[in-house]
Every structure is written in structure tokens, then in C-alpha cells.
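Structure file model-v9.cif with mmCIF, C-alpha atoms:
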```
data_model
loop_
_atom_site.label_atom_id
_atom_site.label_comp_id
_atom_site.auth_asym_id
_atom_site.auth_seq_id
_atom_site.Cartn_x
_atom_site.Cartn_y
_atom_site.Cartn_z
CA MET F 1 14.06 58.11 136.78
CA ASN F 2 12.03 56.66 133.89
CA GLU F 3 13.98 58.72 131.41
CA SER F 4 17.28 57.24 132.62
CA LYS F 5 15.83 53.75 132.35
CA ASN F 6 14.75 54.29 128.76
CA GLU F 7 18.22 55.46 127.81
CA ASN F 8 19.78 52.29 129.26
CA THR F 9 17.32 50.12 127.32
CA ALA F 10 18.13 51.86 124.05
CA LYS F 11 21.84 51.36 124.60
CA MET F 12 21.30 47.64 125.28
CA ASN F 13 19.25 47.21 122.08
CA TRP F 14 21.95 48.91 120.04
CA LEU F 15 24.58 46.62 121.54
CA TYR F 16 22.50 43.55 120.62
CA TRP F 17 22.29 44.68 116.99
CA VAL F 18 26.06 45.17 116.81
CA VAL F 19 26.74 41.70 118.23
CA ALA F 20 24.21 40.08 115.83
CA PHE F 21 25.85 41.81 112.87
CA PHE F 22 29.33 40.52 113.68
CA VAL F 23 27.97 37.00 114.32
CA ALA F 24 26.25 36.99 110.92
CA VAL F 25 29.44 38.20 109.21
CA GLY F 26 31.36 35.38 110.87
CA ILE F 27 28.87 32.74 109.81
CA TRP F 28 28.92 34.08 106.23
CA ALA F 29 32.71 34.01 106.17
CA ILE F 30 32.80 30.42 107.37
CA ALA F 31 30.16 29.37 104.81
CA ASP F 32 31.94 31.22 102.01
CA LYS F 33 35.18 29.53 102.85
CA THR F 34 33.43 26.14 102.73
CA GLN F 35 31.87 26.95 99.36
CA THR F 36 35.07 28.16 97.78
CA ALA F 37 37.27 25.43 99.20
CA LEU F 38 38.32 23.22 96.30
CA SER F 39 38.32 19.45 96.21
CA ASP F 40 38.97 16.87 93.51
CA THR F 41 38.00 13.30 92.65
CA THR F 42 39.19 10.66 90.19
CA ILE F 43 36.78 8.42 88.26
CA LYS F 44 38.40 5.47 86.54
CA ASP F 45 37.51 3.37 83.49
CA ILE F 46 34.56 5.32 82.16
CA PRO F 47 33.43 3.60 78.90
CA ILE F 48 33.34 5.78 75.79
CA GLU F 49 30.14 6.26 73.79
CA TYR F 50 30.85 6.87 70.10
CA ILE F 51 28.11 8.97 68.48
CA GLY F 52 27.45 8.34 64.77
CA GLU F 53 29.49 5.14 64.42
CA ASP F 54 26.72 3.09 62.76
CA THR F 55 25.12 5.99 60.89
CA THR F 56 27.28 8.94 59.84
CA LEU F 57 30.56 7.03 59.77
CA ALA F 58 29.13 3.99 57.99
CA ASN F 59 27.41 6.18 55.38
CA ARG F 60 30.84 7.58 54.52
CA GLY F 61 32.27 4.09 54.01
CA LEU F 62 34.34 4.37 57.17
CA MET F 63 34.52 2.36 60.35
CA LEU F 64 36.08 2.59 63.78
CA LEU F 65 38.93 0.09 63.89
CA SER F 66 40.17 0.72 67.40
CA GLY F 67 39.20 2.83 70.34
CA SER F 68 35.68 1.40 70.80
CA ASP F 69 36.86 -0.75 73.71
CA GLU F 70 38.89 1.99 75.37
CA SER F 71 37.85 3.86 78.49
CA VAL F 72 38.73 7.20 80.07
CA THR F 73 39.96 8.07 83.56
CA LEU F 74 38.76 11.49 84.68
CA LYS F 75 40.15 13.81 87.35
CA LEU F 76 37.58 16.45 88.26
CA GLU F 77 38.08 19.49 90.47
CA GLY F 78 35.46 21.75 92.00
CA ALA F 79 33.87 23.13 95.11
CA ARG F 80 33.79 20.70 97.95
CA THR F 81 29.98 20.68 98.08
CA VAL F 82 29.75 20.01 94.33
CA ILE F 83 32.26 17.19 94.50
CA ALA F 84 30.33 15.71 97.40
CA ASP F 85 27.11 15.74 95.34
CA LEU F 86 28.75 14.04 92.33
CA ASP F 87 27.75 10.41 91.66
CA PRO F 88 30.65 8.75 89.75
CA GLU F 89 28.36 6.02 88.39
CA THR F 90 26.35 8.56 86.39
CA VAL F 91 29.25 10.29 84.64
CA ARG F 92 29.47 9.45 80.90
CA ILE F 93 32.00 10.13 78.14
CA GLN F 94 30.86 10.80 74.57
CA VAL F 95 32.90 11.18 71.37
CA ASP F 96 31.20 12.63 68.30
CA LEU F 97 32.39 11.04 65.03
CA SER F 98 30.48 13.38 62.72
CA GLY F 99 33.70 15.32 62.01
CA VAL F 100 35.59 12.27 60.73
CA PHE F 101 35.97 12.12 56.93
CA SER F 102 39.11 10.05 56.34
CA THR F 103 40.95 6.93 57.43
CA GLY F 104 43.91 6.81 59.78
CA LYS F 105 44.73 7.67 63.37
CA GLN F 106 42.85 10.65 64.78
CA ASN F 107 42.62 12.50 68.09
CA LEU F 108 39.15 13.59 69.09
CA SER F 109 38.05 15.53 72.12
CA TYR F 110 35.41 14.00 74.31
CA ARG F 111 32.43 15.47 76.11
CA ILE F 112 31.61 14.85 79.77
CA VAL F 113 27.91 14.24 80.45
CA TYR F 114 26.65 14.58 84.02
CA ALA F 115 23.40 13.20 85.33
CA ASN F 116 22.74 16.60 86.93
CA ARG F 117 22.42 18.77 83.82
CA SER F 118 22.12 22.16 85.61
CA SER F 119 24.54 24.82 84.39
CA TYR F 120 25.49 25.61 88.00
CA PHE F 121 26.60 22.04 88.59
CA SER F 122 28.68 21.64 85.40
CA SER F 123 30.22 25.13 85.57
CA ASN F 124 31.60 24.40 89.04
CA LEU F 125 33.50 21.30 87.89
CA SER F 126 36.77 21.36 85.95
CA ASN F 127 38.42 18.53 84.07
CA VAL F 128 42.05 18.51 85.22
CA SER F 129 42.90 15.16 83.59
CA SER F 130 46.25 14.80 81.85
CA SER F 131 44.45 14.56 78.48
CA ASN F 132 41.07 15.73 77.20
CA THR F 133 41.18 13.66 74.00
CA VAL F 134 41.05 10.04 72.86
CA THR F 135 42.99 8.47 70.00
CA ILE F 136 41.06 6.35 67.50
CA GLN F 137 41.92 4.47 64.33
CA ILE F 138 39.58 4.89 61.34
CA GLY F 139 39.63 2.41 58.46
CA ALA F 140 37.71 1.78 55.25
CA LEU F 141 34.48 -0.10 55.72
CA SER F 142 34.16 -3.39 53.82
CA GLN F 143 30.78 -5.01 53.23
CA LYS F 144 29.27 -8.15 51.65
CA GLU F 145 26.28 -10.46 51.84
CA VAL F 146 26.48 -14.14 52.76
CA GLU F 147 23.82 -16.85 52.70
CA ILE F 148 22.28 -18.20 55.88
CA ARG F 149 22.22 -21.97 56.14
CA TYR F 150 20.44 -24.22 58.63
CA ASP F 151 21.38 -27.38 60.49
CA ILE F 152 18.55 -29.61 61.72
CA ARG F 153 19.18 -31.78 64.79
CA GLY F 154 16.67 -34.55 65.58
CA ASN F 155 13.66 -36.00 63.74
CA VAL F 156 9.94 -35.43 63.44
CA ALA F 157 7.49 -37.88 65.04
CA GLU F 158 6.60 -41.13 63.30
CA GLY F 159 4.04 -40.68 60.55
CA HIS F 160 5.00 -37.03 60.06
CA ILE F 161 7.05 -35.40 57.31
CA ALA F 162 9.24 -32.30 57.58
CA GLY F 163 8.31 -29.66 55.02
CA GLU F 164 10.46 -27.03 53.32
CA ILE F 165 12.29 -24.85 55.84
CA SER F 166 12.09 -21.06 55.52
CA LEU F 167 14.49 -18.46 56.97
CA ASN F 168 13.74 -14.81 57.63
CA PRO F 169 16.04 -13.22 56.62
CA ASP F 170 17.74 -15.72 54.31
CA MET F 171 20.75 -13.47 53.58
CA LEU F 172 23.05 -11.68 56.02
CA SER F 173 24.88 -8.40 55.39
CA ILE F 174 28.21 -8.05 57.23
CA GLN F 175 30.39 -4.93 57.63
CA GLY F 176 33.90 -4.53 58.98
CA ARG F 177 37.57 -4.67 58.15
CA GLU F 178 38.42 -6.16 54.79
CA ASP F 179 40.35 -9.06 56.28
CA GLU F 180 37.52 -10.00 58.66
CA VAL F 181 34.79 -9.64 56.04
CA SER F 182 36.62 -11.73 53.47
CA ALA F 183 37.16 -14.51 56.00
CA VAL F 184 33.41 -15.12 56.33
CA SER F 185 32.00 -17.76 53.97
CA TYR F 186 28.43 -18.17 55.30
CA ALA F 187 26.24 -17.91 58.39
CA GLN F 188 24.34 -20.78 59.98
CA VAL F 189 21.57 -21.44 62.49
CA THR F 190 20.93 -24.75 64.29
CA LEU F 191 17.37 -25.97 64.86
CA ASN F 192 16.80 -28.75 67.37
CA ILE F 193 13.62 -30.81 66.96
CA ASP F 194 12.53 -33.75 69.08
CA ASN F 195 9.64 -35.85 67.73
CA ALA F 196 7.91 -32.72 66.41
CA THR F 197 4.23 -33.26 65.61
CA GLU F 198 3.45 -29.76 64.35
CA THR F 199 5.12 -26.83 62.65
CA VAL F 200 8.23 -25.55 64.49
CA SER F 201 9.06 -21.84 64.47
CA GLU F 202 11.98 -20.43 66.47
CA THR F 203 14.20 -17.34 66.53
CA LEU F 204 17.82 -18.49 66.51
CA LYS F 205 21.21 -16.78 66.79
CA CYS F 206 23.44 -16.62 63.69
CA VAL F 207 26.95 -18.07 63.78
CA LEU F 208 29.54 -17.07 61.17
CA TYR F 209 31.66 -19.75 59.45
CA ASP F 210 34.83 -19.56 57.36
CA ARG F 211 35.61 -21.39 54.14
CA TYR F 212 36.82 -24.39 56.14
CA ASP F 213 33.41 -24.73 57.88
CA GLN F 214 34.91 -23.56 61.16
CA PRO F 215 32.90 -21.16 63.34
CA ILE F 216 34.24 -17.62 63.74
CA THR F 217 33.77 -16.97 67.42
CA GLU F 218 35.59 -13.63 67.79
CA HIS F 219 35.22 -10.73 65.39
CA ASN F 220 34.45 -7.00 65.21
CA LEU F 221 31.96 -7.32 62.37
CA ARG F 222 28.58 -5.64 62.32
CA LEU F 223 25.71 -7.89 61.19
CA SER F 224 22.45 -6.77 59.59
CA ALA F 225 20.66 -9.29 61.85
CA GLU F 226 21.83 -11.09 64.94
CA GLU F 227 18.94 -13.57 64.90
CA VAL F 228 16.96 -15.45 62.25
CA LEU F 229 13.36 -16.71 62.34
CA VAL F 230 13.42 -20.37 61.29
CA THR F 231 10.15 -22.10 60.35
CA MET F 232 9.93 -25.81 59.60
CA PRO F 233 6.48 -27.13 58.60
CA VAL F 234 5.65 -30.56 59.97
CA ASN F 235 3.26 -32.33 57.60
CA VAL F 236 1.32 -35.59 57.53
CA ILE F 237 -0.22 -37.79 54.85
CA LYS F 238 -3.80 -38.57 55.79
CA GLU F 239 -6.69 -40.37 54.09
CA LEU F 240 -9.95 -38.47 54.46
CA PRO F 241 -13.37 -40.01 53.59
CA LEU F 242 -15.72 -37.97 51.41
CA THR F 243 -19.18 -37.63 52.94
CA ILE F 244 -22.70 -36.47 52.10
CA ASP F 245 -25.05 -35.23 54.81
CA PHE F 246 -28.51 -36.67 54.05
CA ILE F 247 -31.53 -35.06 55.75
CA GLU F 248 -34.42 -37.52 56.12
CA ASP F 249 -38.13 -36.76 56.28
CA VAL F 250 -41.42 -38.63 56.45
CA GLY F 251 -41.72 -40.79 53.34
CA SER F 252 -38.07 -40.06 52.41
CA ARG F 253 -35.78 -42.28 54.44
CA LEU F 254 -32.14 -43.06 53.74
CA SER F 255 -32.97 -46.76 54.09
CA ASN F 256 -35.07 -46.42 50.93
CA ILE F 257 -32.14 -44.92 48.94
CA ASN F 258 -29.45 -46.56 46.85
CA TRP F 259 -26.45 -44.22 46.58
CA LYS F 260 -22.83 -44.42 45.55
CA LEU F 261 -20.05 -41.81 45.87
CA GLU F 262 -16.88 -42.09 43.83
CA PRO F 263 -14.22 -41.70 45.01
CA SER F 264 -15.21 -42.43 48.58
CA SER F 265 -11.98 -40.90 49.98
CA ILE F 266 -8.84 -39.01 49.01
CA THR F 267 -5.34 -38.78 50.44
CA VAL F 268 -4.09 -35.32 51.41
CA TYR F 269 -0.72 -33.93 52.45
CA GLY F 270 -0.50 -30.92 54.71
CA ASP F 271 0.38 -29.26 57.98
CA ALA F 272 -0.09 -31.61 60.91
CA ALA F 273 -1.55 -28.82 63.01
CA VAL F 274 -4.23 -28.22 60.36
CA LEU F 275 -5.12 -31.88 59.81
CA VAL F 276 -5.05 -33.05 63.43
CA ASN F 277 -8.79 -32.32 63.88
CA VAL F 278 -9.91 -33.07 60.30
CA ASP F 279 -11.43 -36.56 59.88
CA LYS F 280 -13.60 -36.13 56.76
CA ILE F 281 -14.48 -33.83 53.85
CA LEU F 282 -18.16 -32.88 53.56
CA LEU F 283 -19.23 -32.43 49.94
CA ASP F 284 -22.93 -31.57 50.24
CA THR F 285 -26.12 -31.59 52.32
CA ILE F 286 -29.09 -33.17 50.51
CA VAL F 287 -32.73 -32.99 51.67
CA LEU F 288 -34.27 -36.29 50.61
CA ALA F 289 -37.79 -34.89 50.59
CA GLY F 290 -36.79 -32.68 47.66
CA LEU F 291 -35.95 -35.64 45.43
CA ASP F 292 -38.46 -37.34 43.18
CA GLY F 293 -36.30 -39.81 41.28
CA ASP F 294 -32.82 -40.83 40.24
CA MET F 295 -30.22 -38.06 40.55
CA THR F 296 -26.53 -37.52 39.71
CA TYR F 297 -24.37 -34.86 41.39
CA ASN F 298 -20.82 -33.73 40.56
CA TYR F 299 -18.55 -31.99 43.07
CA VAL F 300 -15.17 -30.28 43.09
CA ILE F 301 -13.44 -31.77 46.14
CA PRO F 302 -12.53 -29.00 48.63
CA LEU F 303 -9.24 -29.31 50.52
CA PRO F 304 -8.30 -28.19 54.05
CA GLU F 305 -6.38 -24.91 54.02
CA GLY F 306 -2.79 -25.27 52.89
CA CYS F 307 -3.12 -28.97 52.07
CA GLU F 308 -2.30 -30.82 48.87
CA ASN F 309 -4.35 -33.58 47.22
CA VAL F 310 -1.93 -36.41 46.50
CA SER F 311 -4.61 -38.79 45.14
CA GLY F 312 -4.73 -37.07 41.77
CA VAL F 313 -8.56 -36.98 41.77
CA SER F 314 -10.10 -33.53 42.08
CA ARG F 315 -13.80 -34.28 41.41
CA ALA F 316 -16.37 -36.64 42.93
CA GLU F 317 -19.65 -38.06 41.56
CA LEU F 318 -22.74 -39.05 43.56
CA LYS F 319 -25.46 -41.25 42.08
CA LEU F 320 -28.62 -42.01 44.04
CA SER F 321 -32.01 -43.64 43.40
CA PHE F 322 -34.99 -44.73 45.46
CA LYS F 323 -35.47 -48.44 46.00
CA ASP F 324 -39.29 -48.09 46.17
CA LEU F 325 -40.95 -44.69 45.77
CA VAL F 326 -44.64 -44.15 44.98
CA VAL F 327 -46.54 -40.88 44.58
CA LYS F 328 -50.34 -41.35 44.60
CA GLN F 329 -53.47 -39.21 44.84
CA VAL F 330 -56.41 -40.08 47.06
CA GLU F 331 -59.71 -38.16 47.03
CA ALA F 332 -60.67 -37.35 50.58
CA GLY F 333 -64.32 -36.86 51.41
CA GLU F 334 -64.25 -36.79 55.21
CA PHE F 335 -64.15 -33.23 56.59
CA ILE F 336 -64.20 -31.89 60.11
CA CYS F 337 -63.80 -28.35 61.46
CA GLU F 338 -61.84 -27.12 64.43
CA ASN F 339 -61.95 -23.78 66.24
CA GLN F 340 -65.44 -22.88 64.96
CA PRO F 341 -66.77 -19.38 65.70
CA ARG F 342 -69.10 -19.51 68.66
CA GLY F 343 -72.76 -19.13 67.80
CA LYS F 344 -72.26 -19.73 64.07
CA VAL F 345 -73.30 -22.47 61.71
CA VAL F 346 -70.45 -23.90 59.62
CA LYS F 347 -70.90 -25.85 56.43
CA VAL F 348 -68.01 -27.32 54.39
CA LEU F 349 -68.58 -26.48 50.74
CA THR F 350 -65.73 -28.67 49.42
CA SER F 351 -67.03 -32.14 48.82
CA LEU F 352 -63.91 -33.94 47.57
CA LEU F 353 -60.24 -32.95 48.00
CA PRO F 354 -57.42 -34.72 46.06
CA ILE F 355 -54.51 -35.52 48.41
CA THR F 356 -51.01 -36.40 47.13
CA LEU F 357 -49.16 -39.03 49.13
CA ARG F 358 -45.53 -40.18 48.92
CA GLY F 359 -43.87 -43.27 50.33
CA THR F 360 -43.22 -46.90 49.65
CA SER F 361 -45.75 -48.75 47.51
CA VAL F 362 -46.86 -50.94 50.44
CA ASP F 363 -47.56 -47.95 52.71
CA VAL F 364 -49.18 -45.74 50.07
CA ASP F 365 -51.39 -48.46 48.53
CA ALA F 366 -52.80 -49.20 51.97
CA ILE F 367 -54.37 -45.72 52.12
CA THR F 368 -58.00 -45.61 50.99
CA PRO F 369 -60.22 -42.49 50.98
CA GLU F 370 -61.85 -43.67 54.19
CA LYS F 371 -58.47 -43.41 55.97
CA VAL F 372 -58.02 -39.74 55.07
CA THR F 373 -59.54 -36.95 57.15
CA VAL F 374 -59.39 -33.30 56.20
CA VAL F 375 -59.38 -30.98 59.21
CA ALA F 376 -60.32 -27.37 58.44
CA ASP F 377 -58.92 -24.83 60.88
CA LEU F 378 -61.31 -21.92 61.49
CA GLY F 379 -59.14 -20.22 64.12
CA ASP F 380 -58.52 -17.17 61.92
CA ILE F 381 -62.18 -16.67 60.93
CA SER F 382 -63.94 -13.63 62.33
CA SER F 383 -67.52 -13.64 63.52
CA ALA F 384 -68.77 -12.31 60.16
CA SER F 385 -70.87 -14.59 58.01
CA GLY F 386 -69.96 -15.60 54.46
CA ASN F 387 -67.83 -17.97 52.43
CA TYR F 388 -64.16 -18.47 53.36
CA THR F 389 -61.12 -20.42 52.20
CA VAL F 390 -59.29 -21.86 55.19
CA PRO F 391 -56.12 -23.99 55.61
CA ALA F 392 -56.60 -27.67 56.12
CA GLU F 393 -54.60 -30.39 57.84
CA ILE F 394 -54.54 -33.90 56.41
CA ARG F 395 -54.69 -36.76 58.88
CA LEU F 396 -54.07 -40.37 57.91
CA ASP F 397 -55.31 -43.42 59.74
CA SER F 398 -52.08 -45.33 59.11
CA SER F 399 -48.86 -46.30 60.85
CA GLY F 400 -46.91 -46.28 57.58
CA ASP F 401 -44.11 -43.85 56.73
CA ILE F 402 -46.07 -41.65 54.34
CA ALA F 403 -45.45 -38.03 53.41
CA ILE F 404 -48.29 -35.68 52.49
CA ILE F 405 -47.14 -33.56 49.57
CA GLY F 406 -48.27 -29.94 49.29
CA THR F 407 -50.59 -27.70 51.27
CA TYR F 408 -54.36 -27.81 51.23
CA GLN F 409 -57.38 -25.54 51.67
CA VAL F 410 -61.15 -26.02 51.80
CA ARG F 411 -64.14 -23.71 51.27
CA VAL F 412 -66.57 -23.22 54.15
CA ASN F 413 -69.70 -21.18 54.70
CA ILE F 414 -70.29 -19.33 57.96
CA SER F 415 -73.92 -18.34 58.70
CA GLU F 416 -76.20 -17.32 61.51
CA PRO F 417 -78.23 -20.14 63.10
CA PRO F 418 -81.98 -20.39 62.08
CA PRO F 419 -84.50 -18.61 64.32
CA PRO F 420 -86.05 -20.73 67.09
CA PRO F 421 -89.66 -22.16 66.54
CA PRO F 422 -92.63 -20.17 68.00
CA VAL F 423 -93.56 -20.89 71.59
CA VAL F 424 -97.03 -22.64 72.11
CA GLU F 425 -98.82 -21.34 75.22
CA GLU F 426 -100.06 -24.03 77.60
CA PRO F 427 -103.71 -23.66 78.98
CA ASP F 428 -104.28 -22.45 82.52
CA PRO F 429 -104.96 -25.54 84.68
CA GLY F 430 -107.50 -23.53 86.79
CA THR F 431 -110.00 -23.14 83.94
CA THR F 432 -112.29 -25.69 82.20
CA PRO F 433 -111.70 -25.85 78.54
CA GLU F 434 -114.72 -25.52 76.32
CA THR F 435 -116.09 -28.76 74.92
CA PRO F 436 -115.86 -28.70 71.20
CA VAL F 437 -119.11 -29.27 69.21
CA ASP F 438 -118.96 -32.07 66.71
CA VAL F 439 -120.09 -30.93 63.33
CA PRO F 440 -121.27 -33.75 61.08
CA ALA F 441 -119.37 -34.04 57.88
CA GLU F 442 -121.15 -33.08 54.80
CA ILE F 443 -122.44 -36.10 52.90
CA PRO F 444 -121.88 -35.78 49.23
CA ALA F 445 -124.94 -36.11 47.02
CA ASP F 446 -125.58 -39.49 45.41
CA THR F 447 -125.62 -39.09 41.74
CA SER F 448 -125.79 -42.79 40.96
CA GLY F 449 -129.42 -43.23 42.06
CA ALA F 450 -128.43 -45.80 44.71
CA THR F 451 -129.87 -45.80 48.12
CA PRO F 452 -127.49 -45.44 50.95
CA ALA F 453 -127.32 -48.27 53.44
CA ALA F 454 -129.35 -48.03 56.62
#
```
Would you write out, as C-alpha cells, the structure that this file holds?
Amino acid sequence: MNESKNENTAKMNWLYWVVAFFVAVGIWAIADKTQTALSDTTIKDIPIEYIGEDTTLANRGLMLLSGSDESVTLKLEGARTVIADLDPETVRIQVDLSGVFSTGKQNLSYRIVYANRSSYFSSNLSNVSSSNTVTIQIGALSQKEVEIRYDIRGNVAEGHIAGEISLNPDMLSIQGREDEVSAVSYAQVTLNIDNATETVSETLKCVLYDRYDQPITEHNLRLSAEEVLVTMPVNVIKELPLTIDFIEDVGSRLSNINWKLEPSSITVYGDAAVLVNVDKILLDTIVLAGLDGDMTYNYVIPLPEGCENVSGVSRAELKLSFKDLVVKQVEAGEFICENQPRGKVVKVLTSLLPITLRGTSVDVDAITPEKVTVVADLGDISSASGNYTVPAEIRLDSSGDIAIIGTYQVRVNISEPPPPPPVVEEPDPGTTPETPVDVPAEIPADTSGATPAA
């Protein structure tokens, strides 16, 4: 019974395998028919890319006269699935001009470039167009250089002056057919300015003009530059005062100085953007405390960057003198010490110290030795004893504007304090002190023979 059942099962399995095989063959046949079924598509007005036109062809003195504006209409045939995957917008046509060596009409084959660069894709597409070539006209290349001119529209702001205009480049090389090249007389750019207050710099498009000053709006010429950088400096004339920076100090005030600078100003010409924040020219910085009398200084006048001195004077002279300047010495005899070492005895060994004073005669003459105090600073002295030289500060009992010239030192002696006096013991109040015995003084012998008084 079981054996019969097993035989039936085996037969059924075999039947399933046979059915599956024929189903698979049918599916494969349908798929194969779909794959091999051909289809076609037409792509119109594909622009042509010419390879080597501005390099190889131009180096040979040749140029493409016609054909550059032409397009190609393609009819492609291939498997239906391949055609379905083709994007017409990505199909390109290229013509290589490297094989062109002469002028005249020529037929060149083109190459189809697909966005999908796989060999499977391209090998399953065929070009069944009526023609696989394009016809072009090659001519001799003519070339010349023309000047670039400029046309300024508008004016600079009031008080400003337009400087010399520069163009980069200032010459233009043109290439093309002989008749078109010879028709060009010059190129021109137009710069519009409106109350400009600083340098103007713009990149402008070139326009070609013929010998009758008429613009050439349509041409097939190649230009070495389509645009030109135009720079127009905007300058100003400005008067700038010459200045000296005086640094005052005690006893050396600007109010006590007579000074004269010639010239006091100059007129400069330069870029408005440079001079907009310049209001003076600083010649020198002078510390008045370093002067002790009449002085004369000479300077080469520096100019702001890129500016021109239109005054014609390139040097300046400064003369200065003090209205009332006195330098006097006073011998100070009053000394005090600060920051003394604790537990030490300090003695100033310097008895008189000459002090140099500077100021007006009224202020300096009012200083007497009694109004000068020398303060010795012992802050840096160690606890060791001995003689030392220490810095000193000079203090004046005066409200005048007086400078103390120089630095000062004094000699001091540092010593240990003297020992304390011996201690006298007081008697014990509980005991009676012994009464001293009076001893009569010895009477000297009388050698005169007189009798002493009773």
C-alpha cells in the first residue's frame, strides 16, 4: 500500500518539473523577443561641437567659416529597452578638426557621444541617419591688433579731479575672415561715472567700431579679450598743515617756548580715497625736557602714499627757543630717611648735596636751600651694618613749575644701637639701711704760722 503511494508521489514530482521547465522556456522566449525587438527614435537639431577650432586650426592659420552654427538630426535604431533608456537631451555631436590642413569645403564625419558611456549601451544603438557627415567651409585666418579706446560719461564730484585712465588690456587682438578683420578700426569701452568721489574701477565689455565710428554689432570674429578692466583715479587738491608733536614736562612747558615752522603747510594732489582721512603731516615728536637752549631742525616733508606735492617746497625748518629758562644749583642740607631697617641706627654721612633745578627764573630763584629736602630711601638695605650709598628723592617746598635735573644718591651708615645702661638695684623696703658714719675731713697743716679761728 505504502509502496504504491510512493510511486504516485514520484510521478507527480516528475510532472511538476516538466511543467516548470516548459514555463521557464516560455518566459525566456517572451523576454528574448522583447530584447531583440528593434525600435528607433529621431533626435532633432543637436548642436555640433567642433574640437580644435581655437587651438589646432588656429595654429595652422585656418578658421572655420561656416558650419559652426549648423546642427544634426539623428535617427537611432536599437533594442526597444535601450531606446527606452535613451535620454535625447544628453546626446552630443562632436567633429574633430585636427585632420584639417587646407582651406575650402570639406566633409567630416562626426562622433556621437552618449551620456551612458558603457560599451553595451553604445553597441546596441545604430545610426541610421541619411548622412553621417557634416559639410564645413575652411578659410584662411586673418589677424590684427587694434587699440582700445574709452568714453567717459558723467563727471566727478565738485572739488575732485579725474586722473589718467588705465585700461587692461589696452590692445585687442582680433581673428577672423579677412573682410571682417579689415573692417574693424578700433575697440571701445564706455565708463559711466556719477559724482565720483574716489577711484573708479570696472570691468566693461568691448565694442568694435569701423572706420566711420559706427559700432559693429554682428560679426564672427574671435577676440583676445571680451572685457577690459578700466581704472579712473579720482584725485583731490588738499592743503595739509605741517605739525610738530611737543611733549611737555615739569619745567619745560610749551607756553615757555617760542617756535616757528616754515612752511606751515603744503598743498598735495592725490587719490581722494587716500586723502579723505588725512588732515595733517606730522614732521617730528620733540621732548621739551631734552632741550637746553635755542635749536634749529630741518625736515624732508613726507607725503601720503601716491600723492604729489604741488607746492614746490620739499623741506621744512623749525626754529625754537625758550622765553625764560634758568638752570641753577642749590646745596641741600636737610636729609631724612625712609624705610629704615628695624632695630638699626642710621646716620647720614652726606652733609651737603648740590641739586640742579630747571625752570623759569621766577620759580627757580624762589628756591633756597631751606626749601629743599633730600629723602634717602633705605628700602633696599639689608640688616647688615656698614656704609651704603642709597638713592635719594628731592622734594621742594614750592608750587612753581620746576624740574629737578639728574638723579641723586647719599651715603649713610647703618650700625647697631649702643648697649643699654647698667641696672641699679633698689634697696629692700623691709630692711633698715645702715647709718653712714661721718668722717671729718682732714684739715691741712697751717704753714703760715697763723692761728685758726675759734
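Atom to atom, CA of Val228 in chain F and CA of Leu65 in chain F stand 27.0 Å apart.
Here, the PyMOL selection byres ((chain F and resi 262) around 12) matches Pro241, Leu242, Thr243, Ile244, Trp259, Lys260, Leu261, Pro263, Ser264, Ser265, Ile266, Leu283, Thr296, Tyr297, Asn298, Tyr299, Val300, Ile301, Val313, Ser314, Arg315, Ala316, Glu317, Leu318, Lys319 and Leu320 of chain F.
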Could you please take those selected residues and save C-alpha atoms as a PDB file, in the frame of the given file?
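Output contents, as saved in again.pdb:
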```pdb
ATOM      1  CA  PRO F 241     -13.370 -40.010  53.590  1.00  0.00           C
ATOM      2  CA  LEU F 242     -15.720 -37.970  51.410  1.00  0.00           C
ATOM      3  CA  THR F 243     -19.180 -37.630  52.940  1.00  0.00           C
ATOM      4  CA  ILE F 244     -22.700 -36.470  52.100  1.00  0.00           C
ATOM      5  CA  TRP F 259     -26.450 -44.220  46.580  1.00  0.00           C
ATOM      6  CA  LYS F 260     -22.830 -44.420  45.550  1.00  0.00           C
ATOM      7  CA  LEU F 261     -20.050 -41.810  45.870  1.00  0.00           C
ATOM      8  CA  PRO F 263     -14.220 -41.700  45.010  1.00  0.00           C
ATOM      9  CA  SER F 264     -15.210 -42.430  48.580  1.00  0.00           C
ATOM     10  CA  SER F 265     -11.980 -40.900  49.980  1.00  0.00           C
ATOM     11  CA  ILE F 266      -8.840 -39.010  49.010  1.00  0.00           C
ATOM     12  CA  LEU F 283     -19.230 -32.430  49.940  1.00  0.00           C
ATOM     13  CA  THR F 296     -26.530 -37.520  39.710  1.00  0.00           C
ATOM     14  CA  TYR F 297     -24.370 -34.860  41.390  1.00  0.00           C
ATOM     15  CA  ASN F 298     -20.820 -33.730  40.560  1.00  0.00           C
ATOM     16  CA  TYR F 299     -18.550 -31.990  43.070  1.00  0.00           C
ATOM     17  CA  VAL F 300     -15.170 -30.280  43.090  1.00  0.00           C
ATOM     18  CA  ILE F 301     -13.440 -31.770  46.140  1.00  0.00           C
ATOM     19  CA  VAL F 313      -8.560 -36.980  41.770  1.00  0.00           C
ATOM     20  CA  SER F 314     -10.100 -33.530  42.080  1.00  0.00           C
ATOM     21  CA  ARG F 315     -13.800 -34.280  41.410  1.00  0.00           C
ATOM     22  CA  ALA F 316     -16.370 -36.640  42.930  1.00  0.00           C
ATOM     23  CA  GLU F 317     -19.650 -38.060  41.560  1.00  0.00           C
ATOM     24  CA  LEU F 318     -22.740 -39.050  43.560  1.00  0.00           C
ATOM     25  CA  LYS F 319     -25.460 -41.250  42.080  1.00  0.00           C
ATOM     26  CA  LEU F 320     -28.620 -42.010  44.040  1.00  0.00           C
TER      27      LEU F 320
END
```
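Distances from F:Tyr186, F:Tyr269, F:Tyr388, F:Phe322 to Gly251 in chain F were compared using only C-alpha atoms, and the smallest one belongs to F:Phe322.
Within the file as shown, the PyMOL selection byres ((chain F and resi 78) around 7) identifies Leu38, Ser39, Asp40, Leu76, Glu77, Ala79, Arg80, Val82, Ile83, Asn124, Leu125 and Ser126 of chain F.
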Open item on the list: Give me the residues near Asp170 in chain F as number ranges by chain, where near means some atom within 12 Å (using only C-alpha atoms) and where sequence neighbours in that chain fewer than 6 positions away do not count.
Closed with: F: 145-150, 186-189, 206, 224-225, 227-231
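Taking CA of Gln94 in chain F and CA of Pro47 in chain F as the two end points, the separation is 8.8 Å.
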TODO: Name the closest residue to Val287 in chain F among the candidates F:Val250, F:Glu218, F:Val274, F:Ser351; distances are taken between atoms, counting all atoms listed in the file.
DONE: F:Val250
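Against the coordinates shown, the PyMOL selection byres ((chain F and resi 334-350) around 8) returns F:Ala332, F:Gly333, F:Ser351, F:Leu352, F:Leu353, F:Glu370, F:Val372, F:Thr373, F:Val374, F:Val375, F:Ala376, F:Asp377, F:Leu378, F:Gly379, F:Ile381, F:Ser382, F:Ser383, F:Val410, F:Arg411, F:Val412, F:Asn413, F:Ile414, F:Ser415, F:Glu416, F:Pro417.
Here CA of Leu74 in chain F and CA of Thr135 in chain F stand 15.6 Å from one another.
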